[in-house]
Each structure stands twice: as C-alpha cells, then as structure tokens.
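Notes follow the structure.
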Amino acid sequence: MVQSKTRDLFPGALEMMVLRLVQQEPLHGYALVQRIKQVSKDMLQVEEGSLYPALQRLLKARLLKAAWGVSATNRRVRIYHITPAGRKHLTAEVSSYEQMLEGISRVLALGDA
Amino acid sequence: MGLFAWFRSRRLDDVSDDIASHIAEHTEALVANGMSRAEAALAARKAFGNVTTVTETARDVWRFASFLDSLAGDLRLALRGLMHKPGYAIAVVLTLALGIGANATVFALVNGVVLKPLPYPHADRLISVMEVGDEGRPSALVDFTYSEWTATTRTVDLAAAYDEIPAVLGLPDGPVRVSGLKVTSEYFSLFGVRPIIGRLFDSTEVIPGGPQVVLLSEPLWRGRFGADSAIVGRFARFDGTQRLVVGVLPRSFTYGRQEQFWIPFRVAPVRVATPQMSGEVFAYSVIARMREGVSTTEVRTEVAAAAARLRREGIDFVGDRPIIMSLHERRYGDNRKPLLLLFGAVGVLLLTACANIANLSLARAGRREREFAVRLALGASRWRIVRFVLIENLVLAAGGGLLGLLLVTGSLGWFVRVSPGSLQSVDAIGVDAALIAYMSLVAVLTALLFGLVPALTASRATLNHTLSSGTPHAAGSTRQSFARRVLVVGELAIALVFLTGAGLVAKTFWRVTNVDRGFRPERLIVASFDMREPRYTGATAKRFVENVLARVRREPGVQSITYGDASPGRNAGVEVVIELNQPGVRPRESSRFGRVGVGPEYFETIGAELIEGRFLGPGDRLGEPHVAVVTESYVRINMKGGPAVGRRTLDDQRAPTVIGVIKDVAAGPTEDKRKLAVVYTPLGQRWGNTLLQLIVRTTDQPERIQAPIRAAVQALDPAQPSPEFTTVERALAETVAPRRFTLVLLGVFAVLAATLAIIGLYSVLAYLVSERTREIGIRVAMGADAGRVTRMILGHGLRLTIIGTAIGALASVAAVRVLRAMMYEMSVYDAPTFVAVAALLCVVAVLASWIPARRASRVDPVLALRAD
C-alpha cells in the first residue's frame, strides 16, 4: 500500500490518488510515481510494488484504460487514462474520504476544548 | 494459440513491458542528474524492488488468468514428473489405450447399429409386418391379409410389398446370376430414394399386364453396363425376358444389401378363396410407414382384426398372430443384444484396467507422500494437491485416449469384417464426432476413477507423521494397502469371470468342431446350379446336370462325383419339409423331416457310414419299387426305432421302402435332432428340383476342379451362368463361425483381464516386500529363516487370490447365463470348467507371488536396517 515515511495509508488511498492524477492528464507508471512525490512535496513515497498491482486492479475494474504511447524521453510506455466510470468512482471516493476526514478531525479537535 | 490465450498472454506481457519501461524512465532521469548509465540502471532496479514479485503480484490481480497459469504450471510439472519416471507413464498409457480402444471400438458398433436411426425419412415410423409362421418364427405376410389390411388401414399412411427374385442377366460376354427385388410402387416412396439417372416405375408399369421394365442398382450399372448413361431407354435380358431399363438407383440405397435390380411387383386383384384351393399360398415381405403418433401395438391389433375377418370367411390359412417390428429392429435386432453384452464386457475390462492403474497410482502416491507432505507444509492447499494428482492422471488419460483412437481406427474395419451376422452391411460404423466425444468422456471418467482415491489419499498426508517417520512410506500405508488389496481382489474376480466364460466357450467350440458329422468333408466341393428359369423344368435341369457330371467325371483329379438336391455341407444338408398325411390336417411333430433327392454314388462320394442294409444303387430306377435310405435319427424319431430295413418310411402304402440306414449327416452342431431325420430317395425315381448340387471329391485341391466344371457348363448351355462353388470344409467352418468369434473375443478379454490381475497382484506383493524390508530384516536378524519369510509373503498372495477366486466364482455363476445360447450339449454350469479355470488362475497367482516372496527371503538384515 501507499506509505508515508512513518505510517501506512488506509486501503484505497493510492487508487484514489492515481485516479485524481490521471484525471488531470494521462500518465505513465514512472511519471505517476514522480507526480505523487512532487505534488505531496516528498511527504508520500509510492512503492512500485504497490503501484503496479493497484494499476492492474483499476484496469480490471475498468476505472482506467491503458494504451501504448511515447514518453517525454521518447520511450515506448504504457499511458493510463481515466474512464467515465473512473471519474464517477473518484468523485464518490473523494466525497466519502472528505466526510471521513471531517469526522476524524472533529473527534480529534475535542482535545483542544 | 486460442484467442483467449492470446489476450491473456498479451495482458501479461503488457505488465512486464510496463515495468521495464518504468525502470528505463527512472534510469534516464538518474542519468540526467549526472549519474553514470551503469550506476543509474543499478539504482533504478534497486529502487523498484523485486521485479519478479511485483510482476507476479500485478498479474495475480487477473485472478482467472492466474488460475490458468498455475494450471499450466501444474501441467508442466506433471509432464516433467511423468517423463522423469517413464515406466509408470508408459504402463498406464498402454493399459488405458487398450481399455479405451476396446471400449470405443464396441461403442462405434453400438452407435452404428443400435443408436443411429436408419438413413431414411421418418425412419422411426418405418415398420416391418410379418406373421408367426412355422416353428414360431416370423414369416412373410399372406397376400389375403395384406390386401384386406391395406384396404382398410387407418394406422399406416403407406405400405409396400416386396419379394426377393433371383435372375440370370444375359450379357454379351456371358450370363451372370444377379439377385433383385420385385416391389410395389410404394416401396421407393417409403425409403425416399431417387434415381441417379432415369426415373422410377410409372403408374402404367405397376399394373398387371404392364410393360416389362427394370431399375438397376448403381453397382450393377457400373460393373456390368460400363456406367453408360445411355442405358436408360435400352433393353436388358433378365431370365430371357427383355426388360426396358427405366432408371438407376444410387449406391447408397443398396449399401451392404444384396439387391442389384428391381422389377414391378404386380399384386393381382384379391383371389377368391375357394375350399378346393391348392396348397399354394402367396406371401410377401411387407414394410409400412405408420402415421404419426401410432404405436406398433395399434398396427398389430389392426392387422390381427383383418386376419380374423378373413378367418371368419373361411380363409383359415392366414396367420392369426401378426408380428410388427420397427424396420431398425428387423434389420439389426439380432445384433443388439450381443452388442450390448459385448459393450458391458469391455466396460468391465476397462474397470479392471482402471483398478490396475489405481493400484500403480496408489503405490506411486505412497512413495510421494513425503513430497506432498512438504508441499502441504509449505502452504499448498489440499485442493491444490488433489488437483495436481488429477491433472497428472488427465494427462495420462489423454495419452491413453489418443493412442486408443489410433487403435480404433486400425481395428474397427478388421472387427467388422470378422464379426458374423449383418454388421458388415452397416455403413454407419466409423470414426465420427459421437465416437470422439464418447472417447473423451471415457478418458476423463477413467482419469477420475483411477485417480481420485490416490489423489485424496495423497492430500491427507500429514507432515508430522510422514516427515518424522523415517521411512517415506510408513504413514498412510495401512489405508493404501487396504485399498490396493481390495482392487486386486476385484481384478482377480473379474479375471476369473472372463476366464470361466472363455473356458466354457472353448469347451463348446471343441465339442462343436469335433462333432461326429457322419461323412467325410475333406476335399469335397459343391457346385450349386440354380435353374429356376422358365426354360428349365425339374427333368431338364436334372438332365443338364447329369451331362455336366458325365463330362467332369473324365477330368483328372476327380476321385468320385455325384449330384443331389442338397449338399451335406449346409444346414445338415436338409430342408425341413412337412408331409401332410391328409389334406387340411396340421402336420404332427413327428412328420417333420428332411428329404434329399440323390443321384448315383451319392453316399459313396460324401463318405456316409452305412449302419444297416445297403446304399442306393443303379438298379433303383424309375419303374422299380420306390426305395429310400434314411438316417438313424429318422428311424428313432419317425419310425419309433427297431430294425428299419424293409419297412416303409411312412404309414402310407405309397411311401418308399427303407433299404438302408446311415449315420446322421450333420453339417454342424445340431441341438434339434429332428433336423437330422432325413429320407434320401433316388432322383431317378421322383420329381426333380431346379436347385441342384454337383458334388465332387477330388484327389488334390478341390478348387482346381472349378475351371473344368465352368467349361463343361459353357459348352453344354452358353446361356447358363457359372454355378456357385463352395468347398464343404469352408461351409462347415461357417457353421462354427459365431462360436469361433465369441471364443476369440472372450479369449482375448480373459487373457487381458488375467494379465492385468496378475500384474496387480505382483505389484501389491512387490510393494509390500519393499515396504516391509526393515521389518523383514528385523525378523531375519531375530532368527527367522528364508522359508518362513517366503511363506509369509506367499501366504499373503494366496489369501488375496483365494478371496478373489471365491468372489469371481460366485460372480461367474451369475454371469455365464448370457452364454447359454452358445453352449452345445453342455450346461453353462459345467463344473470341470469352473474348477479348471479357478485352478489355473490360482497357479498363475502363486507363481506371480513367488517372485516377491523370493526377494523377501533374500533380504540382508544389515542392509535392510541401514537403509534409511
């Protein structure tokens, strides 16, 4: 799974991030790793060992499509696109994640009172 | 590669390519940051982690694909394992090939004969209509019944009458004998046959007094008329009559059948039945097509009602018991039961083969228990191990099935050729989709059958037991040994059943071939003259054959020559005729006998044995007192025994006087002694027959006399076709052919089953010895001598043999009933045979036990105890 430097992320977090990034623009595997690192300002480090099975799961669920294309370095790479089903799934996931986060935050905020 | 497999492999390639390009991109990025390429490549790979694991995990997402993958892996492993120990694989594949091959061969016959419908439209509704005739056998339908029934029927929509008709076809290069059918016009509609050239009979040709026409079969047209399509519209001579050829019917219509031509059957308007009608009765073969939804019972009721009406009007010779059977049953009904029995027998044989393989497989599983225990310990599921063993067995079964298929294609033609009866006429026998499907099914089922028990046993291997218990095959061995012993006992029992059957048929066969025939068949040849043509009468036919005889007698190689209206080589040389003492009185049982008209030196030529009186001589001519020679059976059955010479053959002053008694002349085994009751009268004193046999005893090969006879016929009457030749020995061989066939079949089965059982017994004991080497070593070390060890193992084998034989003997008592019809003057419960085969099996079993027993007695305690 996805890991921060110190702890595991919850199941589904990696998939959610992958969908979000790919929604913005189609990406290949290596680029995805780089983007997560870059956007999270090195707070998140994706392990390839988790990324590729996750990509296969998303492909299998038809939330992503893959097509062979050419990378910036002119190499034949597999580029992942989001599907309409993927967009829908992402929206649902993000809103449920936000609800959960809000719930957690509220509970944690109790200590300050 | 299938489409599915292509998709799957592409998907898997995608994952590894994807990962490769990922590493390449990373390397590129590191090089851009100033690292050397080699360092960068190494670092990128390191950062990625274990490429194989990641690839595998990613692939595992596609679960089904991974399932197939592991299946392929198991398959590879199974093949490798089998190749590693080819002895086992070869033994199993060969055994299975034999078992499945034999099974499939019989299935092909059953499929062709029992399961497939006849190749005609609405074949399921075609029926044959007959009535119960002499001796309760089906016979042709009397014409009165046919007319009355067809005029009123509501159960069939089409009926046709036909009759066989032999004829002499006149051709430029000499006359030939052909056989055909006279048929009513509905005949062809019933079978839905269309001519390949020309047309069928038209309405003017099927009525009495219509033009003389003929339809030819394709083989006759090709063979005798050079496939000349201009034949239609020309004339051909049949029995001296010019007939207009109107068409040719396709080869497929006559496949395996006798008829070569058809002429219209003109059923005259119903004759008026009068009390003083001659004894002549016309009867037809009848086929019909039932209306939809009608049963044969309804047709039977209707025909019986028609016959009853006729009987009430005083036409009492029509049969009152009609027989209705489907055309399929009429053609193949005789084959059905024997074939199904045979099918059962090969099924049992296959079971034995499976038992043997299960045995081998169990032994193998025992040796592999440690391997399986390790796999279980490493996390393999039970199912995975069961699956692996099953895959292994399926591989073997597939091999056996393929080899079996080769066996079938090779043996089927041979089998059909050697089988007696009407199998040869079935064109539906062959390798087809149904056969392949059946074989695949059998292969899979056998794999499950012989593989499931070993598979389940193997998967139960527990680590603690197996790994800790020193010898690899100590654990679970009690369970397996028991299973293996049960299998061997079963095999021995089945082998005994087959052996008993084979023994019974062998004994009968010996009796049949050594039956006292009452004449000497060697170097006798018979030329049959069929002169049922209008130009011959009984008298002229006789004169013709006498002229041929006079010419042939002078040929070298002729030892003795005669003629008669029956030969001793066929059906006891007898046509059973019924003598009516008074008109209108049903013949009594005792008045049935055969009558043979004979020429001079008949008895001398066939080598008959005189018991009393004298043979017929040249003095027994027309004008002299009527005399006869009779057989022993005739005296016993029809004359109530006692000295016969001087008495009349019947209680009738016109009957001939017996001048001699000979031993029964039998062509083959005859249970019904009435068929051996024969009266021989001189052809010089009575009405002749147009079917005459020239009988020659030669001094060397009987076939050599054929050419001189043909030449004599040609010289005396160019319009007469050459007679048919049969050597009497060949005719006699035909009478025992069905028993010979059964004997060969049962013999082969018995040998196979016994071999399998003995191998099974041997392997169980051999395995037992190797399993208990350590124990035997301890025994020897403690002072047991070699004899004692030998006795122990032998006793083990003997115990299994005795149980198997006992069960087999009981099963035989139940099973041999099916052979009852085969027996000749002996019971199927023939005690000597039962005892002999059981003894034989026991002796062989003891011999098979001897080898492992000897080995056990030579166990060196030091080596045995050091073994593990």
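A note on labels: chains of the structure tokens are A, B, ... as shown, every chain counts residues from 1, and ligands are counted from 1 in their shown order.
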DSSP on the backbone, alpha helix (DSSP H) only: what residues of segment 321-498 of chain B does that give? Format it as a PyMOL selection string. chain B and resi 327-367+369-377+382-418+433-459+463-468+477-498
Hey, which bits of chain A sit within 12 Å of chain B, and for each residue what's the closest pair of atoms and how far apart in Å (one decimal), counting only C-alpha atoms, rows by chain and increasing number, as a tab-separated table?
```
residue	atom	partner	partner_atom	distance
A:Leu27	CA	B:His22	CA	11.6
A:His28	CA	B:His22	CA	8.1
A:Gly29	CA	B:His22	CA	6.1
A:Tyr30	CA	B:His22	CA	4.9
A:Ala31	CA	B:His22	CA	8.4
A:Leu32	CA	B:His22	CA	10.0
A:Val33	CA	B:His22	CA	9.6
A:Gln34	CA	B:His26	CA	9.4
A:Gln45	CA	B:Ala47	CA	11.3
A:Val46	CA	B:Phe48	CA	10.2
A:Glu47	CA	B:Phe48	CA	7.5
A:Glu48	CA	B:Phe48	CA	5.7
A:Gly49	CA	B:Val54	CA	5.1
A:Ser50	CA	B:Val54	CA	7.8
A:Leu51	CA	B:Ala58	CA	8.8
A:Tyr52	CA	B:Ala58	CA	5.7
A:Pro53	CA	B:Ala58	CA	3.9
A:Ala54	CA	B:Ala58	CA	7.6
A:Leu55	CA	B:Ala58	CA	8.0
A:Gln56	CA	B:Ala58	CA	6.0
A:Arg57	CA	B:Val61	CA	6.0
A:Leu58	CA	B:Val61	CA	9.7
A:Leu59	CA	B:Val61	CA	9.6
A:Lys60	CA	B:Trp62	CA	7.3
A:Ala61	CA	B:Val61	CA	10.4
A:Ala66	CA	B:Asp14	CA	9.7
A:Ala67	CA	B:Asp14	CA	9.9
A:Trp68	CA	B:Asp18	CA	9.2
A:Gly69	CA	B:Asp18	CA	11.0
A:Val70	CA	B:Ser21	CA	10.4
A:Ser71	CA	B:Glu25	CA	8.5
A:Ala72	CA	B:Glu25	CA	9.3
A:Thr73	CA	B:Glu25	CA	7.6
A:Asn74	CA	B:Glu25	CA	9.7
A:Arg75	CA	B:Ser21	CA	7.4
A:Arg76	CA	B:Ser21	CA	7.1
A:Val77	CA	B:Ser21	CA	5.9
A:Arg78	CA	B:Asp18	CA	5.8
A:Ile79	CA	B:Asp18	CA	9.1
A:Tyr80	CA	B:Asp18	CA	10.8
```
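Near segment 533-545 of chain B, within 9 Å and counting only C-alpha atoms, sit Ala167, Val168, Asp239, Gly240, Ala550, Tyr563, Leu683, Trp687, Gly688, Asn689, Thr690, Leu691, Leu692, Gln693, Leu694, Val713, Leu716 and Asp717 of chain B; same-chain residues fewer than 5 positions away were not included.
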Determine the nearest neighbour of Thr152 of chain B from the options B:Glu671, B:Glu729, B:Asp74, B:Glu302, counting only C-alpha atoms.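 For Thr152 of chain B, the nearest of the candidates is B:Glu302.
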List the neighbours of Met16 of chain A out to 7 Å using only C-alpha atoms; skip same-chain residues closer than 4 positions along the sequence, and give me the result as a PDB file with C-alpha atoms, in the first residue's frame.
```pdb
ATOM      1  CA  GLY A  12      -7.870   2.653  -1.377  1.00  0.00           C
ATOM      2  CA  ARG A  20      -7.025  12.011  -9.360  1.00  0.00           C
ATOM      3  CA  LEU A  90     -13.283   9.200  -7.975  1.00  0.00           C
TER       4      LEU A  90
END
```
Strand (DSSP E or B) positions in chain A, given as a ChimeraX atom specification: /A:3-4,8,27-28,44-45,64-70,76-82
Ile100 of chain B surroundings by only C-alpha atoms, 10 Å radius, close-in-sequence under 6 positions cut, as a count of residues only: 22
Record the distance separating atom CA of Phe603 of chain B and atom CA of Lys663 of chain B, expressed in Å with one decimal.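 Atom CA of Phe603 of chain B sits 11.0 Å away from atom CA of Lys663 of chain B.
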